[in-house]
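Participant: What follows is coords.cif, made up of mmCIF, C-alpha atoms:
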```cif
data_model
loop_
_atom_site.group_PDB
_atom_site.id
_atom_site.type_symbol
_atom_site.label_atom_id
_atom_site.label_comp_id
_atom_site.auth_asym_id
_atom_site.auth_seq_id
_atom_site.Cartn_x
_atom_site.Cartn_y
_atom_site.Cartn_z
ATOM 1 C CA MET A 1 27.359 7.809 -108.283
ATOM 2 C CA ALA A 2 24.419 5.440 -107.877
ATOM 3 C CA LYS A 3 25.034 1.720 -107.614
ATOM 4 C CA THR A 4 22.919 -0.622 -109.728
ATOM 5 C CA ILE A 5 21.596 -3.776 -108.078
ATOM 6 C CA PRO A 6 21.882 -7.022 -110.019
ATOM 7 C CA GLN A 7 18.388 -7.880 -111.245
ATOM 8 C CA GLN A 8 18.939 -11.556 -110.460
ATOM 9 C CA LEU A 9 19.060 -10.733 -106.739
ATOM 10 C CA HIS A 10 16.299 -12.943 -105.413
ATOM 11 C CA ASN A 11 17.800 -15.675 -103.251
ATOM 12 C CA GLU A 12 19.455 -15.290 -99.916
ATOM 13 C CA ASN A 13 23.144 -16.164 -99.703
ATOM 14 C CA PHE A 14 23.717 -16.931 -96.055
ATOM 15 C CA ASN A 15 27.318 -18.004 -96.733
ATOM 16 C CA ASN A 16 28.211 -14.296 -97.072
ATOM 17 C CA ILE A 17 27.150 -13.457 -93.525
ATOM 18 C CA PRO A 18 30.258 -12.756 -91.412
ATOM 19 C CA GLN A 19 31.490 -15.720 -89.376
ATOM 20 C CA GLU A 20 31.570 -13.631 -86.189
ATOM 21 C CA LEU A 21 27.769 -13.303 -86.413
ATOM 22 C CA LYS A 22 27.294 -16.950 -87.386
ATOM 23 C CA ASP A 23 29.193 -17.968 -84.246
ATOM 24 C CA LYS A 24 26.722 -16.232 -81.934
ATOM 25 C CA LYS A 25 23.547 -17.878 -80.669
ATOM 26 C CA GLN A 26 21.518 -14.750 -81.464
ATOM 27 C CA TRP A 27 19.434 -15.988 -84.402
ATOM 28 C CA VAL A 28 15.698 -16.245 -84.854
ATOM 29 C CA VAL A 29 13.533 -17.301 -87.749
ATOM 30 C CA ALA A 30 10.929 -14.844 -88.987
ATOM 31 C CA LYS A 31 7.558 -14.500 -90.641
ATOM 32 C CA PHE A 32 5.958 -11.525 -92.327
ATOM 33 C CA GLU A 33 2.530 -10.676 -90.917
ATOM 34 C CA LYS A 34 0.032 -8.105 -92.140
ATOM 35 C CA ARG A 35 -1.137 -5.497 -89.671
ATOM 36 C CA LEU A 36 -4.636 -4.049 -89.591
ATOM 37 C CA ASP A 37 -3.415 -0.941 -91.426
ATOM 38 C CA GLY A 38 -2.170 -3.117 -94.312
ATOM 39 C CA LYS A 39 1.541 -2.741 -93.537
ATOM 40 C CA THR A 40 3.702 -5.800 -92.984
ATOM 41 C CA ASN A 41 5.682 -6.522 -89.823
ATOM 42 C CA LYS A 42 8.647 -8.857 -89.506
ATOM 43 C CA ILE A 43 7.912 -11.086 -86.514
ATOM 44 C CA PRO A 44 10.645 -13.162 -84.836
ATOM 45 C CA TYR A 45 9.832 -16.810 -84.158
ATOM 46 C CA GLN A 46 11.448 -19.706 -82.397
ATOM 47 C CA ILE A 47 12.022 -22.859 -84.425
ATOM 48 C CA ASN A 48 9.207 -24.532 -82.428
ATOM 49 C CA GLY A 49 6.699 -22.140 -84.026
ATOM 50 C CA LYS A 50 6.212 -19.926 -80.959
ATOM 51 C CA LYS A 51 7.015 -16.230 -81.141
ATOM 52 C CA ALA A 52 10.532 -15.264 -80.121
ATOM 53 C CA SER A 53 11.544 -12.181 -78.188
ATOM 54 C CA SER A 54 14.374 -9.869 -79.167
ATOM 55 C CA THR A 55 15.018 -9.368 -75.444
ATOM 56 C CA ASP A 56 14.920 -13.018 -74.274
ATOM 57 C CA SER A 57 17.944 -15.082 -75.285
ATOM 58 C CA LYS A 58 16.151 -18.305 -74.308
ATOM 59 C CA THR A 59 14.036 -17.853 -77.459
ATOM 60 C CA TRP A 60 17.017 -17.584 -79.837
ATOM 61 C CA THR A 61 18.869 -20.283 -81.728
ATOM 62 C CA ASP A 62 22.155 -20.830 -83.518
ATOM 63 C CA PHE A 63 22.877 -19.865 -87.122
ATOM 64 C CA ASP A 64 22.938 -23.378 -88.593
ATOM 65 C CA THR A 65 19.573 -24.267 -87.073
ATOM 66 C CA ALA A 66 17.977 -21.056 -88.355
ATOM 67 C CA VAL A 67 19.351 -21.717 -91.859
ATOM 68 C CA LYS A 68 18.018 -25.267 -91.748
ATOM 69 C CA PHE A 69 14.491 -24.103 -90.926
ATOM 70 C CA VAL A 70 14.535 -21.417 -93.633
ATOM 71 C CA ALA A 71 15.948 -23.858 -96.208
ATOM 72 C CA SER A 72 13.198 -26.377 -95.366
ATOM 73 C CA GLY A 73 10.542 -23.762 -96.116
ATOM 74 C CA SER A 74 9.261 -23.735 -92.529
ATOM 75 C CA PHE A 75 9.981 -19.997 -92.303
ATOM 76 C CA PRO A 76 10.600 -17.446 -95.063
ATOM 77 C CA ALA A 77 13.420 -15.572 -93.310
ATOM 78 C CA MET A 78 15.871 -15.459 -90.434
ATOM 79 C CA GLY A 79 17.312 -12.660 -88.382
ATOM 80 C CA PHE A 80 20.107 -11.694 -86.030
ATOM 81 C CA VAL A 81 19.224 -10.218 -82.630
ATOM 82 C CA LEU A 82 21.113 -7.072 -81.643
ATOM 83 C CA ASN A 83 22.189 -7.581 -78.039
ATOM 84 C CA ASN A 84 24.499 -4.681 -77.093
ATOM 85 C CA ASP A 85 27.291 -6.170 -79.189
ATOM 86 C CA TYR A 86 26.565 -4.750 -82.651
ATOM 87 C CA THR A 87 24.794 -1.716 -84.055
ATOM 88 C CA GLY A 88 22.471 -2.111 -87.013
ATOM 89 C CA ILE A 89 21.628 0.721 -89.372
ATOM 90 C CA ASP A 90 18.604 0.311 -91.608
ATOM 91 C CA PHE A 91 18.188 2.488 -94.701
ATOM 92 C CA ASP A 92 14.590 2.175 -95.898
ATOM 93 C CA ASP A 93 13.290 2.835 -99.409
ATOM 94 C CA CYS A 94 16.698 3.823 -100.759
ATOM 95 C CA ILE A 95 16.583 1.610 -103.838
ATOM 96 C CA MET A 96 14.547 2.555 -106.881
ATOM 97 C CA ASP A 97 14.579 0.660 -110.174
ATOM 98 C CA TYR A 98 17.511 -1.453 -108.950
ATOM 99 C CA THR A 99 19.613 1.647 -108.207
ATOM 100 C CA ILE A 100 20.878 2.647 -104.759
ATOM 101 C CA ALA A 101 20.287 6.317 -103.968
ATOM 102 C CA ASP A 102 23.441 8.419 -103.811
ATOM 103 C CA TRP A 103 22.679 9.565 -100.238
ATOM 104 C CA THR A 104 22.719 5.935 -99.090
ATOM 105 C CA LYS A 105 25.716 4.874 -101.160
ATOM 106 C CA ARG A 106 27.691 7.672 -99.506
ATOM 107 C CA TRP A 107 27.107 6.186 -96.055
ATOM 108 C CA VAL A 108 27.697 2.592 -97.167
ATOM 109 C CA SER A 109 31.113 3.646 -98.469
ATOM 110 C CA SER A 110 31.872 5.789 -95.419
ATOM 111 C CA PHE A 111 31.119 3.010 -92.916
ATOM 112 C CA ASN A 112 33.134 0.450 -94.916
ATOM 113 C CA SER A 113 31.508 -2.332 -92.910
ATOM 114 C CA TYR A 114 29.210 -5.264 -93.642
ATOM 115 C CA ALA A 115 26.346 -4.067 -95.859
ATOM 116 C CA GLU A 116 23.594 -6.101 -97.468
ATOM 117 C CA TYR A 117 20.390 -5.647 -99.422
ATOM 118 C CA SER A 118 17.287 -5.997 -97.288
ATOM 119 C CA PHE A 119 14.798 -8.822 -97.760
ATOM 120 C CA SER A 120 12.444 -6.456 -99.604
ATOM 121 C CA LYS A 121 15.266 -5.423 -101.978
ATOM 122 C CA THR A 122 14.276 -1.784 -101.354
ATOM 123 C CA GLY A 123 16.598 -1.094 -98.427
ATOM 124 C CA ILE A 124 20.059 -1.688 -97.030
ATOM 125 C CA HIS A 125 21.357 -2.918 -93.669
ATOM 126 C CA ILE A 126 24.788 -2.056 -92.284
ATOM 127 C CA ILE A 127 26.288 -3.784 -89.245
ATOM 128 C CA LEU A 128 28.953 -2.146 -87.064
ATOM 129 C CA PRO A 129 30.720 -3.674 -84.043
ATOM 130 C CA GLY A 130 29.773 -2.525 -80.575
ATOM 131 C CA ALA A 131 26.792 -0.843 -78.955
ATOM 132 C CA LEU A 132 27.131 2.673 -80.343
ATOM 133 C CA LEU A 133 23.854 4.229 -79.163
ATOM 134 C CA LYS A 134 24.591 5.926 -75.862
ATOM 135 C CA ASP A 135 21.049 6.672 -74.719
ATOM 136 C CA LYS A 136 19.536 3.279 -75.691
ATOM 137 C CA THR A 137 16.396 4.815 -77.102
ATOM 138 C CA ARG A 138 14.915 3.785 -80.387
ATOM 139 C CA ARG A 139 16.289 5.908 -83.190
ATOM 140 C CA LYS A 140 14.003 6.174 -86.157
ATOM 141 C CA LYS A 141 13.561 8.933 -88.685
ATOM 142 C CA LYS A 142 11.981 8.705 -92.105
ATOM 143 C CA GLY A 143 14.247 6.442 -94.108
ATOM 144 C CA TYR A 144 16.649 5.644 -91.248
ATOM 145 C CA GLU A 145 16.659 3.385 -88.205
ATOM 146 C CA CYS A 146 19.471 2.574 -85.757
ATOM 147 C CA TYR A 147 19.470 -0.090 -83.049
ATOM 148 C CA ASP A 148 21.994 -1.889 -80.883
ATOM 149 C CA SER A 149 19.695 -3.886 -78.586
ATOM 150 C CA GLY A 150 16.165 -5.174 -78.273
ATOM 151 C CA ARG A 151 15.681 -5.534 -82.059
ATOM 152 C CA PHE A 152 16.502 -8.022 -84.774
ATOM 153 C CA PHE A 153 17.464 -7.563 -88.401
ATOM 154 C CA VAL A 154 16.346 -9.999 -91.070
ATOM 155 C CA PHE A 155 19.493 -11.095 -92.910
ATOM 156 C CA THR A 156 19.883 -12.017 -96.572
ATOM 157 C CA GLY A 157 23.631 -12.334 -97.068
ATOM 158 C CA ASN A 158 23.209 -10.430 -100.334
ATOM 159 C CA ILE A 159 26.186 -8.165 -99.791
ATOM 160 C CA ILE A 160 26.770 -4.836 -101.454
ATOM 161 C CA ASP A 161 29.992 -4.617 -103.448
ATOM 162 C CA ASN A 162 32.819 -5.879 -101.247
ATOM 163 C CA PHE A 163 31.362 -4.787 -97.913
ATOM 164 C CA SER A 164 31.498 -8.297 -96.454
ATOM 165 C CA ASN A 165 33.408 -7.700 -93.196
ATOM 166 C CA ILE A 166 32.327 -5.990 -90.021
ATOM 167 C CA ASN A 167 34.645 -3.046 -89.376
ATOM 168 C CA LYS A 168 34.861 -0.369 -86.695
ATOM 169 C CA ALA A 169 33.423 2.989 -87.721
ATOM 170 C CA GLU A 170 32.698 4.934 -84.542
ATOM 171 C CA GLN A 171 33.659 8.331 -85.986
ATOM 172 C CA GLN A 172 31.616 7.759 -89.138
ATOM 173 C CA PHE A 173 28.665 6.679 -87.001
ATOM 174 C CA GLU A 174 28.910 9.842 -84.908
ATOM 175 C CA LEU A 175 28.891 11.970 -88.077
ATOM 176 C CA PHE A 176 25.963 9.982 -89.495
ATOM 177 C CA TYR A 177 24.015 10.268 -86.252
ATOM 178 C CA LYS A 178 24.518 14.006 -85.997
ATOM 179 C CA GLU A 179 23.586 14.579 -89.641
ATOM 180 C CA VAL A 180 20.503 12.338 -89.617
ATOM 181 C CA PHE A 181 19.138 12.916 -86.118
ATOM 182 C CA GLY A 182 20.398 16.460 -85.631
ATOM 183 C CA ARG A 183 22.235 15.949 -82.376
ATOM 184 C CA ASP A 184 25.350 14.427 -80.884
ATOM 185 C CA ILE A 185 25.202 10.729 -80.137
ATOM 186 C CA ALA A 186 25.873 11.233 -76.415
ATOM 187 C CA LEU A 187 22.705 13.281 -75.869
#
```
What do you get writing this file as structure tokens?
Facilitator:
Amino acid sequence: MAKTIPQQLHNENFNNIPQELKDKKQWVVAKFEKRLDGKTNKIPYQINGKKASSTDSKTWTDFDTAVKFVASGSFPAMGFVLNNDYTGIDFDDCIMDYTIADWTKRWVSSFNSYAEYSFSKTGIHIILPGALLKDKTRRKKKGYECYDSGRFFVFTGNIIDNFSNINKAEQQFELFYKEVFGRDIAL
């Protein structure tokens, strides 16, 4: 059954972000920049206005500081850097006319972990504990992306249903990985 998104979903609710993420100094602020091909990239920034790096912790900040800079209007968004401690799953273009596609809703329910609407309101992010990608290569396939290091996810705090806590889901992730990428996670 498809899940309908509340149409009033426009503002970020950072209070819903799990405390265990808030406690980590793995936050960046972000801007959206147009590429030459017309697509938009999310670019991590430091609060001093210089670009941040998702692989250099010296360019990251704490949660409260990132929120402050977003709330002031200095930056439109903020993100959490994946640093071998969490795995992020990104479902792109899975929301149409405020309805979550059944294929995505299935995985959101299966993982039973923190899930939120993306900044664009057309996708969903799920966060799982631990670095679950064994080969550390970028995993991207049309509509799906998985990372556990060297990337950041823009956060909204706009949670889906009651998926507000980060929960272990290694077996579900292995099933997801095999179904989506067509191979075992260890390969």
Participant: If you count all atoms listed in the file, which residues fall within 9 Å of Asn16 in chain A, apart from same-chain ones fewer than 5 positions away, as number ranges by chain?
Facilitator: A: 156-159, 164
Participant: Quick one: which range 60-102 of chain A residues come within 12 Å of range 33-45 of chain A, and what is the nearest atom pair for each with the distance in Å to one decimal, counting all atoms listed in the file, rows ordered by chain and ascending number, as a tab-separated table?
Facilitator:
```
residue	atom	partner	partner_atom	distance
A:Trp60	CA	A:Tyr45	CA	8.4
A:Thr61	CA	A:Tyr45	CA	10.0
A:Ala66	CA	A:Tyr45	CA	10.1
A:Phe69	CA	A:Tyr45	CA	11.0
A:Val70	CA	A:Tyr45	CA	11.5
A:Ser74	CA	A:Tyr45	CA	10.9
A:Phe75	CA	A:Tyr45	CA	8.7
A:Pro76	CA	A:Lys42	CA	10.4
A:Ala77	CA	A:Lys42	CA	9.1
A:Met78	CA	A:Pro44	CA	8.0
A:Gly79	CA	A:Pro44	CA	7.6
A:Phe80	CA	A:Pro44	CA	9.6
A:Val81	CA	A:Pro44	CA	9.3
```
Participant: Please report the interatomic distance between CA of Gln172 in chain A and CA of Lys121 in chain A in Å with one decimal.
Facilitator: 24.6 Å
Participant: For Lys140 in chain A, which residue out of A:Lys24, A:Tyr114, A:Phe176, A:Asp90 is the nearest one, using all atoms listed in the file?
Facilitator: A:Asp90
Participant: With distances taken over all atoms listed in the file, which of A:Leu128, A:Ala169, A:Cys146, A:Val154 is nearest to Glu20 in chain A?
Facilitator: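 Of A:Leu128, A:Ala169, A:Cys146, A:Val154, the one nearest Glu20 in chain A is A:Leu128, counting all atoms listed in the file.
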Participant: Given the file shown, enumerate the residues that the PyMOL selection byres ((chain A and resi 173) around 10) captures and present them as an MDAnalysis selection string.
Facilitator: chainID A and resid 87 89 107 110:111 128 132:133 168:172 174:179 185
Participant: Could you please determine the separation between CA of Ile124 in chain A and CA of Asn162 in chain A in Å, to one decimal place?
Facilitator: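 Between these atoms lies a distance of 14.1 Å.
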Participant: List every protein, DNA or RNA residue that has at least one atom no more than 10 Å from (10.4, -5.0, -98.8) in the file's coordinates, counting all atoms listed in the file, and write the result as a ChimeraX atom specification.
Facilitator: /A:40,92-93,118-123
